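**Q** Attaching a single structure in structure tokens format; questions to follow.
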Amino acid sequence: MGAIGRFLKNIMTNRAMLLMVLPGAIWFLFFSYLPMFGTIIAFKEYRFSRDGFLASIFNSEWVGFDNFKFLFSTNDAYIITRNTVLYNFVFIILGLVLSVALAIILSEIVNKRLAKVYQTGMFLPYFLSWVIVGYFVFSFLSFDKGMMNQILGWFGAEPVQWYSEAKYWPVILTLVSLWKGIGYSSVVYLAAIMGIDKSLYEAAMIDGANKWQQIKAITIPMLKPLMTILTLLAIGKIFYADFGLFYQVPRDSGTLYSVTNVIDTYVYRGLKTTGEIGMTTAAGLYQSVVGFILVMTSNYIVRKYDKDNALF
Amino acid sequence: MSTSKKKWLLPLTVMLSASMLLSACGGKSNTGNESAGSGENASATELIWYTIGAPQKDLEKVEAEINKYTSEKIGVTVDMKMIDFGDYTQKMQVMAASGEPMDILFTSSWAFDYVQNARKGAFMELDQLLEDHGQGIKEVLDPAFLEGSKVDGHNYGIPANKELPAQEVWRFNKSLLEKHNLSIDGLKTLEDMEPLLKTIKENDPNVVPFAIGKDYGPQNLLPYDYIIEKLPMAVSLENDELKVVNILEQPEMMDALKTMNKFYKAGYISPEAATTTSTQDLFTSGNWFMDRAATQPYADNSWSQSYGYPVVSTPANEPTVFNWSVMGSMQAISANSEHPEEAMKFLNLLNTDAALRNLVDSGIEGVHYKKLSENVAENLPESKNYDMPTFALGNVMLTYLNPQDPENKWEEFKKFNEAGTPSPLLGFNFDPSNVSSELAALNNVKEEFWSPLMTGTVNPEEFIPKANERLKAAGLDKIIAEAQKQIDEWKTSK
């Protein structure tokens, strides 16, 4: 009785908060926790059963770790892992530096109306689908009608077969990814900057600190917790590549695979014809487990140096 | 306080969501099969029918007419759901895997793969159902269709009665042929095309001489049958040895690819060919001279009609009956169907009843088409709101002729079907489950090399050895050995 009473009282006192959390909690339960039981498919040879999805899962045969084999069976495993991790690493570092820099610059623009225009302009690409971005890039890089080859032509240079020269693509993909993503992340940092107590800057100005010193001594330290959290979260996704970026933007060109094939595109190409969902589930589980380990390790490291900035 | 809160929160949310889940599931089953149609025969069974093609604006209107007809005739109504060509395979894979309720569904060798999904258990075995309720189908269908589409000795789908063999032709934009005074008589091989392509390239620089995209390949012209489409394991058509080889190691392939590479370098092929997914824009604008396509009797007529300008063609190889051409268009009954008998009755009617078949195909008479005579119809402007893929919806030979079509069109189809030579592999279906991880790796290597090689974008003498090395590393030899083993077993069992 006592426990139930306390519990009910507890709910009553926190009802507003609990109500606010409820939609999110339900969402997570349905779309993140319930599907977790599906990982069982990674260890089965999935075959349809006429009594629906659950029956299919139970009636399929156990195959142990067979479904994971295709990920590691060739030396492609090395290439796709290297590409996925290195690209994401570059995206995380450059994305962090550039979006913080952009947020600071935006916050320092005196003309607020102009600042809003820039911000909107940078935000826009975030909402475009990768298919559309792919065509944007194609209009630059098309062999006979692309803008890049025309510009090269004005300078008397030979046109380049962009979609079959692998060496340019690490740069192109990085540029495209940053162009698309940076507007969004800089808004997050901008919001944090807006929340910094203005009296800190006033005090610094009275002490004679210039803009650069203010940024170094106030803005960046105040942003540090947010930077750490967002980076930790990004590290958790380091084994997930952005499928659209690596599939749509290079137009699925075979000659570029050495620099564009990542885990997600590899799984798609390998299984799109056979549709073995056991093997796709295995790939997803592998990515999640590695991501989980990476988050735990990096959080552990952060906590060791600076307890307050760690996620948990 | 705070610990007790944490302790209770989880069970509470679990309970809450469980109850929501239950109510969601319960709701779904109620709205299922009972709410048939819009007020017709209340006792009619509603069948859910997934088929391929762009969703049509007037589908609902036509569906109401279909249901009026079928509920009277066999006590069945249908709920048609269309999924566009590009999405069909993936969406159906997910829906079949998750047990979405459905009764009839489109399947083929090129979309929602028939053999693989039959093996995975997506379709109901039809042998007995065909005996009981599908006698009409057995009468009208060329027996080669039902025989050729058996998987491990059983039928899992009803093939559409249409052209049986596959034949490739070279297609030409006729106005350009006339403009430059070119003749296509006696041309057959890829090499034969060179002087024509050269003339076009020199005199009409704005026209793409040889219109190809990334899916093009000379492999269909070589006398081989492929164990799996667009993967390099193949069996020669010219002898009965049934020996599985790597097509990229065959001298014919090297020669064909050298020619493609020569054409590419000469500028007869678009520099973007290896990444071009569709050449439709060229056909719309008419800025192309030549390409290659699969044909059927009087195909020139239908191409000319759909493009709006004359197209002519000349054969590029002999008609051959392949497994994949037999399974080019089928309707199957889903393994989870609750009304398999009704579904078979409906398919039987669809394949034998001209009124129903044309209603499904061309829409409502007087709205979407006008009848000119007993079996000839002309499209009305409204037909743009109901434009269905004719080949995908059962017996093609029941459909109305276009005014341009000759009266003996279906006779010619039958002749064409008889003229096809069966491939030595006809009736054999590879079971990939023993080599599925090798196949996944092989697919990746293939995607990397196939389009650049086949479109002539890269030099075959340099790239074929590279590709072969990578294919071997991915396990090609193991797949070839497995295929050979299965073929040998199949041969002895025959």
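Scheme for the structure tokens: letters A, B, ... for chains in order shown; per-chain residue numbers from 1; ligand numbers from 1 in order shown.
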Counting only C-alpha atoms, give me one row per residue of chain B with an atom at most 8 Å from an atom of chain A, showing the shortest contact pair and its distance in Å to one decimal, sorted by chain then residue number, as CSV.
**A**
residue,atom,partner,partner_atom,distance
B:Met1,CA,A:Asn10,CA,7.5
B:Ser4,CA,A:Phe7,CA,6.9
B:Lys5,CA,A:Phe7,CA,6.5
B:Trp8,CA,A:Phe7,CA,7.4
B:Thr13,CA,A:Ile26,CA,7.4
B:Ser17,CA,A:Ile26,CA,6.7
B:Gln90,CA,A:Lys272,CA,7.8
B:Gln93,CA,A:Gly275,CA,6.7
B:Ala96,CA,A:Phe48,CA,7.5
B:Ala97,CA,A:Phe48,CA,6.3
B:Ser98,CA,A:Phe53,CA,4.8
B:Gly99,CA,A:Gly52,CA,4.3
B:Glu100,CA,A:Gly52,CA,7.4
B:Asp113,CA,A:Thr273,CA,8.0
B:Gln116,CA,A:Thr274,CA,7.3
B:Lys120,CA,A:Arg47,CA,5.0
B:Gly121,CA,A:Phe48,CA,5.0
B:Ala122,CA,A:Phe48,CA,5.7
B:Pro271,CA,A:Phe143,CA,6.8
B:Glu272,CA,A:Phe143,CA,7.0
B:Ala274,CA,A:Ser253,CA,6.9
B:Thr275,CA,A:Ser253,CA,5.6
B:Ala335,CA,A:Arg50,CA,5.2
B:Asn336,CA,A:Arg50,CA,4.2
B:Ser337,CA,A:Arg50,CA,7.8
B:Ser436,CA,A:Phe70,CA,7.9
B:Ser437,CA,A:Phe70,CA,4.3
B:Glu438,CA,A:Phe70,CA,6.7
B:Leu439,CA,A:Gly270,CA,7.2
B:Ala440,CA,A:Gly270,CA,3.9
B:Ala441,CA,A:Gly270,CA,6.1
B:Leu442,CA,A:Gly270,CA,7.5
B:Asn443,CA,A:Gly270,CA,5.2
B:Asn444,CA,A:Gly270,CA,5.5
B:Glu447,CA,A:Gly254,CA,6.0
B:Glu448,CA,A:Gly254,CA,3.8
B:Phe449,CA,A:Gly254,CA,5.9
B:Trp450,CA,A:Gly254,CA,7.6
B:Ser451,CA,A:Gly254,CA,6.9
B:Pro452,CA,A:Gly254,CA,6.7
B:Ala473,CA,A:Thr74,CA,6.7
B:Ala474,CA,A:Thr74,CA,5.8
**Q** Applying 8 Å and only C-alpha atoms, which residues near range 115-131 of chain A remain after dropping the ones on its own chain fewer than 2 positions away? List them as a PyMOL selection string.
**A** chain A and resi 106-107+109-113+133-135+179-184+187+244-245+248-249
**Q** Find the spatial neighbours of range 126-133 of chain B, counting only C-alpha atoms, within a cut-off of 8 Å - ignore same-chain residues fewer than 6 positions away - and output them as a PyMOL selection string.
**A** chain B and resi 154-157+333+340-341+344-345+348
**Q** Deliver the residues from the most recent selection as a file, using N, CA and C atoms, as a compact mmCIF listing (two decimals), in the first residue's frame.
**A**
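Wrote part-v5.txt, looks like this:
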# COMPACT_ATOMS: atom_id res chain seq x y z
N HIS B 154 7.00 -27.90 -58.95
CA HIS B 154 5.66 -27.39 -58.65
C HIS B 154 5.46 -26.01 -59.27
N ASN B 155 4.18 -25.70 -59.55
CA ASN B 155 3.85 -24.37 -60.05
C ASN B 155 3.51 -23.46 -58.88
N TYR B 156 4.08 -22.25 -58.90
CA TYR B 156 3.79 -21.28 -57.86
C TYR B 156 3.22 -19.99 -58.44
N GLY B 157 3.06 -19.94 -59.77
CA GLY B 157 2.55 -18.71 -60.36
C GLY B 157 1.89 -19.01 -61.69
N ILE B 333 -0.27 -16.54 -56.04
CA ILE B 333 -1.16 -16.42 -54.89
C ILE B 333 -0.29 -16.45 -53.64
N PRO B 340 -7.47 -18.75 -51.08
CA PRO B 340 -6.73 -19.21 -52.26
C PRO B 340 -7.65 -19.69 -53.38
N GLU B 341 -8.78 -20.32 -53.03
CA GLU B 341 -9.65 -20.85 -54.09
C GLU B 341 -10.29 -19.72 -54.88
N MET B 344 -7.76 -18.20 -57.17
CA MET B 344 -7.53 -18.97 -58.38
C MET B 344 -8.70 -18.81 -59.35
N LYS B 345 -9.93 -18.74 -58.82
CA LYS B 345 -11.08 -18.52 -59.69
C LYS B 345 -10.93 -17.19 -60.41
N ASN B 348 -8.29 -17.41 -63.07
CA ASN B 348 -8.83 -18.19 -64.18
C ASN B 348 -9.70 -17.30 -65.08
**Q** Write out as a PDB file with N, CA and C atoms, in the first residue's frame the residues lying within 7 Å of Gly456 in chain B, counting only C-alpha atoms and excluding same-chain residues fewer than 4 positions away.
**A**
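Saved as selection-v2.pdb:
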ATOM      1  N   LEU B 257      33.491  -6.835 -76.242  1.00  0.00           N
ATOM      2  CA  LEU B 257      33.816  -5.682 -75.410  1.00  0.00           C
ATOM      3  C   LEU B 257      34.858  -4.787 -76.069  1.00  0.00           C
ATOM      4  N   MET B 260      32.884  -2.636 -78.282  1.00  0.00           N
ATOM      5  CA  MET B 260      32.201  -1.602 -77.504  1.00  0.00           C
ATOM      6  C   MET B 260      33.177  -0.491 -77.128  1.00  0.00           C
ATOM      7  N   ASN B 261      34.361  -0.893 -76.711  1.00  0.00           N
ATOM      8  CA  ASN B 261      35.374   0.084 -76.315  1.00  0.00           C
ATOM      9  C   ASN B 261      35.781   0.963 -77.497  1.00  0.00           C
ATOM     10  N   TYR B 264      33.041   3.388 -78.051  1.00  0.00           N
ATOM     11  CA  TYR B 264      33.053   4.394 -76.992  1.00  0.00           C
ATOM     12  C   TYR B 264      34.101   5.460 -77.283  1.00  0.00           C
ATOM     13  N   PRO B 452      30.958  -0.398 -66.374  1.00  0.00           N
ATOM     14  CA  PRO B 452      32.071   0.190 -67.143  1.00  0.00           C
ATOM     15  C   PRO B 452      32.550  -0.725 -68.271  1.00  0.00           C
TER      16      PRO B 452
END
**Q** Quick one: residues within 9 Å of Phe463 in chain B, only C-alpha atoms counted, chain neighbours fewer than 5 positions away excluded, as a list in words?
**A** Phe449, Leu453, Val458 and Asn468 of chain B
**Q** For the residues in that selection, give me N, CA and C atoms as an mmCIF file, in the first residue's frame.
**A**
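Result file result-v6.cif:
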data_model
loop_
_atom_site.group_PDB
_atom_site.id
_atom_site.type_symbol
_atom_site.label_atom_id
_atom_site.label_comp_id
_atom_site.auth_asym_id
_atom_site.auth_seq_id
_atom_site.Cartn_x
_atom_site.Cartn_y
_atom_site.Cartn_z
ATOM 1 N N PHE B 449 32.493 -3.661 -61.715
ATOM 2 C CA PHE B 449 33.121 -3.796 -63.031
ATOM 3 C C PHE B 449 32.134 -3.870 -64.191
ATOM 4 N N LEU B 453 32.619 -2.041 -68.011
ATOM 5 C CA LEU B 453 33.074 -2.971 -69.045
ATOM 6 C C LEU B 453 32.064 -3.078 -70.178
ATOM 7 N N VAL B 458 35.665 1.258 -70.368
ATOM 8 C CA VAL B 458 37.057 0.950 -70.034
ATOM 9 C C VAL B 458 37.613 -0.088 -71.022
ATOM 10 N N ASN B 468 38.356 -10.513 -63.237
ATOM 11 C CA ASN B 468 38.398 -11.949 -62.981
ATOM 12 C C ASN B 468 39.104 -12.263 -61.672
#
**Q** Residues of range 144-301 of chain A classed as alpha helix (DSSP H) by DSSP on the backbone are to be reported as an MDAnalysis selection string.
**A** chainID A and resid 147:154 169:194 198:206 211:214 220:236 243:247 257:260 263:271 277:301
**Q** Could you state the separation of CA of Val259 in chain A and CA of Asp242 in chain A in Å, given to one decimal place?
**A**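 For CA of Val259 in chain A relative to CA of Asp242 in chain A, the distance reads 14.0 Å.
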